[in-house]
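Trainee: Sending over target_28.txt (compact mmCIF, C-alpha atoms).
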```txt
# COMPACT_ATOMS: atom_id res chain seq x y z
CA MET A 167 -4.44 -15.24 -3.70
CA PHE A 168 -3.14 -14.54 -0.18
CA ASN A 169 -5.37 -17.04 1.60
CA ILE A 170 -4.04 -19.85 -0.55
CA GLU A 171 -0.80 -20.28 1.41
CA ARG A 172 -2.53 -21.25 4.66
CA VAL A 173 -5.01 -23.46 2.88
CA ASN A 174 -2.12 -25.11 1.06
CA THR A 175 -0.73 -26.08 4.46
CA LEU A 176 -4.00 -27.75 5.27
CA ILE A 177 -4.15 -29.44 1.89
CA ALA A 178 -0.55 -30.57 2.17
CA ALA A 179 -1.33 -32.22 5.48
CA VAL A 180 -4.40 -33.91 4.05
CA SER A 181 -2.45 -35.03 0.99
CA LEU A 182 0.10 -36.81 3.11
CA THR A 183 -2.59 -39.18 4.31
CA LEU A 184 -5.00 -39.21 1.40
CA SER A 185 -5.24 -38.13 -2.21
CA LEU A 186 -7.73 -35.31 -2.54
CA SER A 187 -11.14 -36.28 -3.86
CA ALA A 188 -14.01 -34.06 -4.94
CA CYS A 189 -15.67 -34.14 -1.52
CA MET A 190 -12.49 -32.66 -0.02
CA THR A 191 -12.60 -29.49 -2.08
CA PRO A 192 -12.08 -26.52 0.25
CA HIS A 193 -14.72 -23.80 0.49
CA SER A 194 -14.04 -20.31 1.70
CA TYR A 195 -16.32 -17.76 3.35
CA VAL A 196 -15.56 -14.06 3.74
CA ASP A 197 -16.60 -12.53 7.06
CA ALA A 198 -19.61 -10.23 6.62
CA LYS A 199 -18.57 -7.43 8.99
CA LEU A 200 -16.72 -5.17 6.56
CA GLY A 201 -18.61 -5.27 3.28
CA ASP A 202 -17.69 -3.17 0.27
CA THR A 203 -16.88 0.53 0.36
CA ASP A 204 -18.72 2.88 -1.95
CA TYR A 205 -16.02 5.25 -3.17
CA ALA A 206 -18.67 7.74 -4.28
CA THR A 207 -19.33 8.50 -0.60
CA LEU A 208 -15.72 9.52 0.15
CA LYS A 209 -14.78 13.17 0.67
CA LYS A 210 -12.95 14.31 -2.41
CA SER A 211 -10.89 17.41 -2.99
CA THR A 212 -11.39 19.54 -6.07
CA ALA A 213 -7.62 19.37 -6.46
CA PRO A 214 -6.48 15.86 -5.48
CA GLN A 215 -2.74 15.34 -5.10
CA PRO A 216 -0.37 12.60 -6.32
CA VAL A 217 0.73 9.96 -3.83
CA GLN A 218 3.40 7.26 -3.65
CA LEU A 219 1.94 3.85 -2.85
CA LEU A 220 3.84 1.24 -0.82
CA VAL A 221 2.34 -2.25 -0.53
CA GLU A 222 3.50 -5.14 1.64
CA PHE A 223 1.91 -8.47 2.49
CA GLN A 224 3.09 -10.25 5.62
CA THR A 225 2.59 -13.73 6.99
CA LYS A 226 2.63 -13.66 10.80
CA GLY A 227 4.35 -10.29 10.62
CA VAL A 228 7.10 -11.44 8.24
CA PRO A 229 7.15 -9.86 4.77
CA ASN A 230 6.00 -12.33 2.13
CA ALA A 231 7.49 -11.35 -1.23
CA ARG A 232 5.51 -13.80 -3.35
CA VAL A 233 2.11 -12.71 -2.07
CA THR A 234 3.14 -9.04 -2.13
CA ASP A 235 3.84 -9.51 -5.84
CA ASN A 236 0.36 -10.98 -6.31
CA VAL A 237 -1.66 -8.36 -4.43
CA ARG A 238 0.23 -5.19 -5.37
CA SER A 239 -1.63 -4.53 -8.63
CA GLN A 240 -5.08 -5.03 -7.06
CA VAL A 241 -4.26 -2.59 -4.26
CA TYR A 242 -2.93 -0.10 -6.82
CA GLU A 243 -6.13 -0.33 -8.87
CA GLN A 244 -8.28 0.27 -5.83
CA VAL A 245 -6.33 3.27 -4.60
CA ALA A 246 -6.41 4.74 -8.11
CA GLN A 247 -10.16 4.13 -8.44
CA SER A 248 -10.93 5.65 -5.04
CA GLY A 249 -10.55 9.12 -6.53
CA LEU A 250 -8.69 10.36 -3.45
CA PHE A 251 -5.50 11.06 -5.39
CA SER A 252 -4.75 12.60 -8.77
CA GLN A 253 -2.06 10.03 -9.48
CA VAL A 254 -0.83 6.87 -7.80
CA SER A 255 2.80 5.92 -8.26
CA TYR A 256 5.24 3.37 -6.88
CA SER A 257 7.96 6.04 -7.20
CA PRO A 258 8.38 9.05 -4.91
CA VAL A 259 6.22 12.08 -5.71
CA PRO A 260 7.53 15.67 -5.42
CA SER A 261 5.30 16.51 -2.42
CA GLY A 262 6.63 13.51 -0.46
CA ARG A 263 3.12 12.16 0.19
CA LYS A 264 3.09 8.42 0.85
CA LEU A 265 0.35 5.87 1.40
CA SER A 266 1.48 2.52 2.78
CA ILE A 267 -0.79 -0.51 2.88
CA THR A 268 0.46 -3.47 4.91
CA ILE A 269 -1.67 -6.60 5.14
CA ASN A 270 -0.69 -9.14 7.78
CA ASN A 271 -2.09 -12.67 7.69
CA VAL A 272 -2.50 -13.72 11.31
CA PRO A 273 -3.68 -17.34 11.61
CA LEU A 274 -6.54 -17.58 14.09
CA THR A 275 -6.66 -21.37 14.00
CA ASP A 276 -3.83 -23.24 15.67
CA ASN A 277 -2.35 -26.48 14.45
CA VAL A 278 -3.56 -26.35 10.87
CA ALA A 279 -1.30 -29.25 9.88
CA ALA A 280 -2.68 -31.49 12.63
CA LYS A 281 -6.24 -30.71 11.58
CA GLY A 282 -5.30 -31.56 8.00
CA PHE A 283 -3.97 -34.94 9.07
CA GLY A 284 -7.24 -35.59 10.89
CA VAL A 285 -9.29 -34.82 7.80
CA GLY A 286 -7.13 -37.07 5.64
CA LEU A 287 -7.11 -39.99 8.04
CA THR A 288 -10.90 -40.02 8.22
CA PHE A 289 -11.31 -39.69 4.44
CA GLY A 290 -12.96 -36.33 4.97
CA LEU A 291 -15.68 -37.63 7.30
CA VAL A 292 -14.31 -35.38 9.98
CA GLY A 293 -14.06 -31.96 8.46
CA THR A 294 -12.35 -28.92 9.77
CA THR A 295 -12.57 -25.16 9.56
CA VAL A 296 -9.56 -22.89 9.42
CA THR A 297 -9.88 -19.19 10.19
CA ASP A 298 -7.42 -16.73 8.70
CA GLY A 299 -7.30 -13.27 10.18
CA TYR A 300 -6.09 -10.29 8.18
CA GLU A 301 -4.94 -6.98 9.60
CA CYS A 302 -4.60 -4.12 7.17
CA THR A 303 -2.51 -1.20 8.41
CA ALA A 304 -2.85 1.88 6.23
CA SER A 305 -0.59 4.86 6.92
CA TYR A 306 -0.75 8.22 5.23
CA VAL A 307 2.40 10.33 5.37
CA GLU A 308 2.36 13.97 4.45
CA PRO A 309 5.56 15.91 5.20
CA GLY A 310 5.01 18.44 7.95
CA HIS A 311 2.01 16.56 9.38
CA ASP A 312 1.61 13.69 11.83
CA VAL A 313 1.42 10.25 10.24
CA VAL A 314 -2.18 8.99 10.24
CA THR A 315 -2.55 5.24 10.70
CA LYS A 316 -5.67 3.10 10.54
CA VAL A 317 -5.96 -0.63 11.25
CA VAL A 318 -8.78 -2.69 9.77
CA LYS A 319 -9.35 -6.38 10.54
CA HIS A 320 -10.99 -9.07 8.44
CA ALA A 321 -11.34 -12.86 8.33
CA ILE A 322 -11.75 -15.72 5.89
CA TYR A 323 -13.12 -19.09 7.02
CA THR A 324 -12.15 -22.16 4.99
CA THR A 325 -13.72 -25.58 5.40
CA ILE A 326 -12.40 -28.87 4.11
CA GLY A 327 -13.95 -32.32 4.40
CA ASN A 328 -17.29 -32.79 6.15
CA ALA A 329 -17.52 -29.43 7.86
CA SER A 330 -20.19 -26.81 7.42
CA GLY A 331 -19.29 -23.17 7.02
CA PRO A 332 -20.91 -20.22 8.76
CA HIS A 333 -24.67 -20.34 8.09
CA ASP A 334 -25.12 -16.76 6.94
CA LEU A 335 -22.16 -16.62 4.54
CA LYS A 336 -21.87 -17.62 0.90
CA PRO A 337 -19.28 -20.28 0.02
CA MET A 338 -16.87 -19.36 -2.73
CA PRO A 339 -13.58 -20.60 -4.22
CA ILE A 340 -10.46 -19.63 -2.28
CA GLN A 341 -9.24 -17.28 -5.01
CA GLN A 342 -12.52 -15.36 -5.04
CA ALA A 343 -12.58 -15.14 -1.24
CA SER A 344 -9.06 -13.73 -1.22
CA THR A 345 -9.85 -11.12 -3.85
CA THR A 346 -13.05 -10.14 -2.05
CA ALA A 347 -11.41 -9.84 1.37
CA LEU A 348 -8.53 -7.79 -0.06
CA ARG A 349 -10.94 -5.43 -1.84
CA GLN A 350 -12.97 -4.93 1.35
CA LEU A 351 -9.88 -4.44 3.54
CA VAL A 352 -8.34 -1.81 1.29
CA GLY A 353 -11.67 -0.08 0.67
CA LYS A 354 -12.44 0.20 4.39
CA SER A 355 -8.89 1.41 5.16
CA LEU A 356 -9.17 4.17 2.56
CA GLU A 357 -12.57 5.14 3.93
CA GLU A 358 -11.22 5.39 7.49
CA LEU A 359 -8.18 7.38 6.39
CA ASP A 360 -10.44 9.68 4.41
CA GLN A 361 -12.66 10.29 7.45
CA SER A 362 -9.82 11.20 9.78
CA THR A 363 -7.53 13.24 7.52
CA ASP A 364 -7.60 15.93 4.96
CA ILE A 365 -6.09 13.35 2.66
CA ALA A 366 -7.20 15.06 -0.50
CA GLN A 367 -6.38 18.61 0.51
CA MET B 229 -0.56 -8.96 -18.03
CA MET B 230 -0.30 -12.34 -19.75
CA ALA B 231 3.44 -12.29 -19.18
CA ALA B 232 2.83 -11.67 -15.49
CA TRP B 233 0.47 -14.64 -15.31
CA GLY B 234 3.01 -16.71 -17.22
CA ALA B 235 5.68 -15.74 -14.73
CA ARG B 236 3.38 -16.60 -11.84
CA ARG B 237 2.57 -19.97 -13.37
CA THR B 238 6.25 -20.67 -13.92
CA CYS B 239 6.93 -19.61 -10.35
CA ALA B 240 4.16 -21.89 -9.10
CA LEU B 241 5.49 -24.80 -11.14
CA VAL B 242 8.99 -24.25 -9.80
CA SER B 243 7.61 -24.10 -6.24
CA ILE B 244 5.63 -27.30 -6.75
CA ALA B 245 8.68 -29.00 -8.23
CA ALA B 246 10.80 -27.82 -5.31
CA VAL B 247 8.26 -29.04 -2.77
CA ALA B 248 7.83 -32.35 -4.58
CA ALA B 249 11.58 -32.88 -4.65
CA THR B 250 11.74 -32.04 -0.95
CA MET B 251 9.00 -34.52 -0.11
CA LEU B 252 10.71 -37.20 -2.16
CA GLY B 253 13.91 -36.69 -0.24
CA GLY B 254 15.86 -35.07 -3.06
CA CYS B 255 17.57 -31.72 -2.88
CA ALA B 256 16.17 -28.72 -4.74
CA THR B 257 17.10 -25.09 -5.14
CA GLN B 258 14.66 -22.20 -4.88
CA GLN B 259 15.62 -18.68 -5.88
CA LEU B 260 14.33 -15.72 -3.92
CA LEU B 261 12.29 -13.15 -5.79
CA PRO B 262 14.01 -9.85 -6.59
CA TYR B 263 14.24 -7.64 -3.49
CA GLN B 264 11.18 -5.57 -2.58
CA ALA B 265 11.30 -2.35 -0.57
CA SER B 266 10.07 -2.77 2.99
CA VAL B 267 7.42 -0.42 4.39
CA ALA B 268 9.26 -0.25 7.72
CA ASN B 269 12.51 0.70 5.95
CA GLN B 270 10.73 3.35 3.91
CA MET B 271 9.38 4.91 7.10
CA ARG B 272 12.92 4.97 8.52
CA LEU B 273 14.33 6.54 5.38
CA GLY B 274 11.59 9.16 5.57
CA SER B 275 13.35 10.63 8.60
CA LEU B 276 16.57 11.35 6.65
CA PRO B 277 17.15 14.96 5.65
CA PRO B 278 15.04 15.58 2.51
CA THR B 279 18.18 16.44 0.53
CA ALA B 280 20.08 13.27 1.46
CA ARG B 281 21.21 11.42 -1.66
CA PHE B 282 23.49 8.41 -2.07
CA GLN B 283 25.00 6.44 -4.86
CA VAL B 284 25.70 2.76 -4.32
CA ALA B 285 29.02 1.17 -5.26
CA ALA B 286 28.83 -1.95 -7.40
CA GLY B 287 28.31 -5.16 -5.43
CA GLY B 288 31.37 -6.45 -3.59
CA VAL B 289 32.82 -9.92 -3.53
CA GLU B 290 30.73 -12.91 -2.53
CA PRO B 291 31.02 -13.75 1.20
CA SER B 292 33.04 -16.84 1.98
CA ASP B 293 30.59 -17.93 4.66
CA VAL B 294 27.30 -18.82 2.96
CA ARG B 295 24.99 -21.54 4.31
CA THR B 296 21.45 -21.37 3.01
CA THR B 297 19.69 -24.71 3.32
CA ILE B 298 16.36 -25.47 4.94
CA ARG B 299 15.57 -29.18 5.15
CA ALA B 300 16.34 -30.39 1.61
CA LEU B 301 15.82 -27.01 -0.02
CA ARG B 302 18.76 -24.81 -0.91
CA ILE B 303 17.83 -21.15 -1.09
CA SER B 304 19.72 -19.05 -3.61
CA ALA B 305 19.82 -15.36 -4.43
CA PRO B 306 17.90 -14.21 -7.52
CA ASN B 307 19.33 -13.73 -11.02
CA GLU B 308 22.92 -15.00 -11.06
CA GLY B 309 22.61 -16.33 -7.53
CA SER B 310 25.00 -13.77 -6.03
CA TRP B 311 24.17 -12.74 -2.45
CA ALA B 312 26.49 -9.72 -2.78
CA ALA B 313 24.49 -8.57 -5.81
CA TYR B 314 21.26 -9.17 -3.86
CA LEU B 315 22.41 -6.83 -1.08
CA ASP B 316 23.44 -4.30 -3.71
CA GLN B 317 20.00 -4.52 -5.35
CA ALA B 318 18.32 -4.28 -1.94
CA LEU B 319 20.17 -1.08 -1.08
CA ARG B 320 19.44 0.54 -4.45
CA THR B 321 15.76 -0.50 -4.29
CA GLU B 322 15.24 0.96 -0.82
CA LEU B 323 17.02 4.23 -1.62
CA ALA B 324 15.34 4.63 -5.02
CA THR B 325 11.89 3.96 -3.54
CA SER B 326 12.42 6.60 -0.84
CA GLY B 327 13.87 9.11 -3.31
CA ASN B 328 17.33 9.03 -1.71
CA TYR B 329 19.18 7.40 -4.63
CA ASP B 330 21.23 9.42 -7.08
CA ALA B 331 23.87 7.76 -9.25
CA GLU B 332 25.82 11.05 -9.29
CA ALA B 333 25.57 11.85 -5.58
CA PRO B 334 28.83 12.77 -3.83
CA ALA B 335 28.04 10.38 -0.97
CA ARG B 336 28.68 6.75 -1.91
CA ILE B 337 27.68 3.63 0.03
CA GLU B 338 29.89 0.56 -0.21
CA ALA B 339 28.16 -2.55 1.12
CA THR B 340 30.10 -5.75 1.67
CA LEU B 341 28.34 -8.91 2.72
CA LEU B 342 30.35 -10.92 5.26
CA GLU B 343 28.10 -13.89 6.01
CA VAL B 344 24.72 -15.36 5.10
CA HIS B 345 23.29 -18.12 7.27
CA ILE B 346 19.77 -19.33 6.62
CA ALA B 347 18.72 -22.55 8.31
CA ASP B 348 15.66 -24.25 9.75
CA GLY B 349 14.25 -21.75 12.24
CA GLU B 350 17.14 -19.29 12.23
CA ALA B 351 18.91 -16.79 9.99
CA GLU B 352 21.82 -14.37 10.35
CA VAL B 353 23.24 -11.88 7.90
CA THR B 354 26.27 -9.66 8.50
CA GLY B 355 27.50 -6.82 6.33
CA ARG B 356 29.95 -3.95 6.40
CA PHE B 357 28.72 -0.55 5.30
CA ILE B 358 31.00 2.35 4.41
CA VAL B 359 29.78 5.79 3.38
CA ARG B 360 32.40 7.92 1.62
CA GLN B 361 32.13 11.56 0.69
CA GLY B 362 35.02 12.14 -1.66
CA VAL B 363 38.07 10.78 0.14
CA SER B 364 36.63 11.10 3.64
CA VAL B 365 34.91 8.17 5.34
CA ARG B 366 31.67 9.38 6.96
CA TYR B 367 30.44 6.00 8.21
CA ASP B 368 32.04 2.59 8.65
CA LYS B 369 30.30 -0.14 10.62
CA VAL B 370 29.72 -3.86 10.59
CA LEU B 371 26.01 -4.54 11.11
CA ARG B 372 24.25 -7.79 11.79
CA ALA B 373 20.65 -8.97 11.70
CA ASP B 374 19.34 -12.23 13.05
CA ALA B 375 15.98 -13.91 13.33
CA ARG B 376 14.56 -16.96 15.08
CA TRP B 377 11.23 -18.58 14.32
CA ASP B 378 9.34 -21.76 15.13
CA SER B 379 10.03 -24.40 12.53
CA ALA B 380 7.07 -26.43 11.31
CA PHE B 381 6.86 -30.23 11.27
CA LEU B 382 5.84 -30.25 7.61
CA GLY B 383 8.74 -29.59 5.26
CA VAL B 384 6.60 -27.61 2.85
CA VAL B 385 5.56 -25.22 5.61
CA ALA B 386 9.09 -24.98 7.02
CA THR B 387 10.59 -24.09 3.65
CA SER B 388 7.85 -21.58 2.90
CA SER B 389 8.56 -19.81 6.21
CA GLY B 390 12.27 -19.96 5.48
CA LEU B 391 11.84 -18.27 2.12
CA ASN B 392 9.92 -15.41 3.75
CA GLN B 393 12.52 -15.09 6.48
CA SER B 394 15.33 -15.04 3.89
CA THR B 395 13.96 -11.84 2.39
CA ALA B 396 13.07 -10.38 5.78
CA ILE B 397 16.57 -10.83 7.19
CA PHE B 398 18.05 -8.65 4.43
CA GLN B 399 15.38 -6.02 5.05
CA ALA B 400 16.26 -6.14 8.74
CA LEU B 401 19.97 -5.69 8.00
CA LEU B 402 19.23 -2.56 5.99
CA ARG B 403 16.83 -1.34 8.70
CA ASN B 404 19.74 -1.47 11.15
CA LEU B 405 21.67 0.78 8.77
CA PHE B 406 18.83 3.22 8.10
CA ALA B 407 17.92 3.45 11.80
CA ASP B 408 21.49 4.25 12.86
CA PRO B 409 21.77 7.96 13.78
CA ASP B 410 25.38 7.90 12.56
CA PHE B 411 24.14 6.89 9.12
CA ALA B 412 21.65 9.77 9.12
CA ARG B 413 24.50 12.13 10.06
CA SER B 414 26.64 10.76 7.21
CA ALA B 415 24.03 12.05 4.79
CA THR B 416 24.50 15.68 5.76
```
Do you think you could lay out the structure here as structure tokens?
Mentor:
Amino acid sequence: MFNIERVNTLIAAVSLTLSLSACMTPHSYVDAKLGDTDYATLKKSTAPQPVQLLVEFQTKGVPNARVTDNVRSQVYEQVAQSGLFSQVSYSPVPSGRKLSITINNVPLTDNVAAKGFGVGLTFGLVGTTVTDGYECTASYVEPGHDVVTKVVKHAIYTTIGNASGPHDLKPMPIQQASTTALRQLVGKSLEELDQSTDIAQ
Amino acid sequence: MMAAWGARRTCALVSIAAVAATMLGGCATQQLLPYQASVANQMRLGSLPPTARFQVAAGGVEPSDVRTTIRALRISAPNEGSWAAYLDQALRTELATSGNYDAEAPARIEATLLEVHIADGEAEVTGRFIVRQGVSVRYDKVLRADARWDSAFLGVVATSSGLNQSTAIFQALLRNLFADPDFARSAT
């Protein structure tokens, strides 16, 4: 999903020097720090309120419409399943409550293209690891109250060629890593918002 | 759901075709996706008076100064390819998402696009915005947004960044409007 763009850069660079073979298949690893959020542990009001959901994905701080389109429904499902709100809508709600989720992909590895060329030129003997950082900014707006904002960070490591991934992490396809990281980012953001606000009052 | 996946696959195929054509030295055209409301703009609009409502006049004429090519990729507006219609859709989308759009509102925004420049590592968009309440003009300004970014060596990366920046520059133009205190005053 969202990780694919950066990995595509790497693959594009490799492809310019070599056609991809099986041994060059990328593997992704989701950082273990966040983990999954158990929504059953969240505070929940007996009378949850409707909320308007705004979702935006950014690449290096610039809105990325294509990826936003891809992640919007997953974020919606998670917010709905959290049980913090009675209804989640992309349209304004009468109370004016808004929840915005912005995910910014901040590359933590410089010169991805150059690394890709290196992998291709050595037929994959020299592998490389690319680290993608993700910053999820969740803001809860309730008219008459201060805006509450929480920032949660996450990372995905992707190896290509003869490179080993982090020892304690499970390799998975890029798509699965993206979905997992997004789920954990949104879950943790909701948990932090829930802890510091009366979100469901 | 299946239709969405179909659209995504079509989109992916178009992107691949565009990139392939670029790498082969040909010239391709890539349409932007329909405009999406920006979180930053929604936060700005949240500071308007809660009763502020606007209608949006139908899209104006196409600007005479349009240059939208990055490397060998020409970027075009969605649907019929009209940049004036794209600005019109952008304005309606932002106002509707924030709850400030009403097709019957007495205040009407007329947006006219004057120039669209999108190139390798830079973009500028200029537009004129007029807010009328009946016969009186409450707001009339020419606003401009520009952006600069590092262009990548690889064409595929450069064009991908350019596509993102093409959407962002229109969001920035509208942010200049929504953040203008005179615009907020025109709503009252």
Trainee: Quick one: everything within 9 Å of stretch 261-273 of chain A, counting only C-alpha atoms, minus sequence neighbours fewer than 2 positions away in the same chain. Send it as a PyMOL selection string.
Mentor: (chain A and resi 168-169+172+215-229+241+258-259+275-276+296-309+348+351-352+355) or (chain B and resi 267+274+327)
Trainee: Choose the residue, out of A:Ala246, A:Val318, A:Ala231, A:Leu208, that has the smallest atom-to-atom separation from A:Lys354; count all atoms listed in the file.
Mentor: A:Val318
Trainee: Atom CA of A:Thr346 to atom CA of B:Thr325: how many Å, to one decimal?
Mentor: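 Computing it gives 28.7 Å between the two atoms.
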Trainee: From the list B:Glu352, B:Glu322, B:Asp410, B:Asp316, which residue is nearest B:Ile337 when using only C-alpha atoms?
Mentor: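 Of B:Glu352, B:Glu322, B:Asp410, B:Asp316, the one nearest B:Ile337 is B:Asp316, counting only C-alpha atoms.
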Trainee: Please check the contacts: residues of chain B at most 8 Å away from chain A, using all atoms listed in the file, listed as a list in words.
Mentor: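 Selected residues: Leu261, Gln264, Ser266, Val267, Ala324, Thr325, Ser326, Gly327, Leu382, Val384, Val385, Asn392, Gln393, Thr395 and Ala396 of chain B.
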Trainee: Looking at all atoms listed in the file, which of B:Asp348, B:Leu391, B:Cys255, B:Val359 is the one that sits closest to B:Asp378?
Mentor: B:Asp348
Trainee: Just to confirm, what's the straight-line distance from atom CA of A:Ser362 to atom CA of A:His311 in Å (one decimal)?
Mentor: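 It comes out at 13.0 Å.
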Trainee: Record the distance separating atom CA of A:Thr294 and atom CA of A:Asn328, expressed in Å with one decimal.
Mentor: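 Between these atoms lies a distance of 7.2 Å.
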Trainee: If you count only C-alpha atoms, which residues fall within 7 Å of B:Asn328, apart from same-chain ones fewer than 4 positions away, as a PyMOL selection string?
Mentor: chain B and resi 280-282+323-324
Trainee: Identify which of the residues B:Ala339, B:Leu371, B:Ile346, B:Leu401 lies closest to B:Ser304, counting all atoms listed in the file when measuring atom-to-atom distances.
Mentor: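 For B:Ser304, the nearest of the candidates is B:Ile346.
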Trainee: Using all atoms listed in the file, pick whichever of A:Val196, A:Leu356, A:Thr345, A:Lys336 has the shortest atom-to-atom distance to A:Ser239.
Mentor: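 Closest candidate: A:Thr345.
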Trainee: Hey, what's within 7 Å of B:Arg360 if we count all atoms listed in the file and toss same-chain stuff fewer than 6 positions away? As a ChimeraX atom specification, please?
Mentor: /B:335-337,366
Trainee: With all atoms listed in the file counted, which protein, DNA or RNA residues have an atom no more than 8 Å from (18.7, -21.6, 1.1) in the file frame? Please answer as a list of chain:residue names.
Mentor: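 Those residues lying close to the given coordinates are B:Thr257, B:Gln258, B:Arg295, B:Thr296, B:Thr297, B:Ile298, B:Leu301, B:Arg302, B:Ile303, B:Ser304, B:Ile346, B:Ala347, B:Gly390, B:Leu391, B:Ser394.
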Trainee: What does the file look like for those residues with C-alpha atoms, as an mmCIF file, in the coordinates of the input?
Mentor:
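In the end it all went to out-v9.cif:
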```cif
data_model
loop_
_atom_site.group_PDB
_atom_site.id
_atom_site.type_symbol
_atom_site.label_atom_id
_atom_site.label_comp_id
_atom_site.auth_asym_id
_atom_site.auth_seq_id
_atom_site.Cartn_x
_atom_site.Cartn_y
_atom_site.Cartn_z
ATOM 1 C CA THR B 257 17.100 -25.090 -5.140
ATOM 2 C CA GLN B 258 14.660 -22.200 -4.880
ATOM 3 C CA ARG B 295 24.990 -21.540 4.310
ATOM 4 C CA THR B 296 21.450 -21.370 3.010
ATOM 5 C CA THR B 297 19.690 -24.710 3.320
ATOM 6 C CA ILE B 298 16.360 -25.470 4.940
ATOM 7 C CA LEU B 301 15.820 -27.010 -0.020
ATOM 8 C CA ARG B 302 18.760 -24.810 -0.910
ATOM 9 C CA ILE B 303 17.830 -21.150 -1.090
ATOM 10 C CA SER B 304 19.720 -19.050 -3.610
ATOM 11 C CA ILE B 346 19.770 -19.330 6.620
ATOM 12 C CA ALA B 347 18.720 -22.550 8.310
ATOM 13 C CA GLY B 390 12.270 -19.960 5.480
ATOM 14 C CA LEU B 391 11.840 -18.270 2.120
ATOM 15 C CA SER B 394 15.330 -15.040 3.890
#
```
Trainee: Do a neighbour search on B:Asp368 at 8 Å with only C-alpha atoms, toss out local chain neighbours closer than 2 positions, and write the hits as a PyMOL selection string.
Mentor: chain B and resi 356-359+365-366+370
Trainee: Write out as number ranges by chain the residues lying within 10 Å of B:Thr340, counting all atoms listed in the file and excluding same-chain residues fewer than 6 positions away.
Mentor: B: 285-291, 312-313, 315-316, 354-358, 370
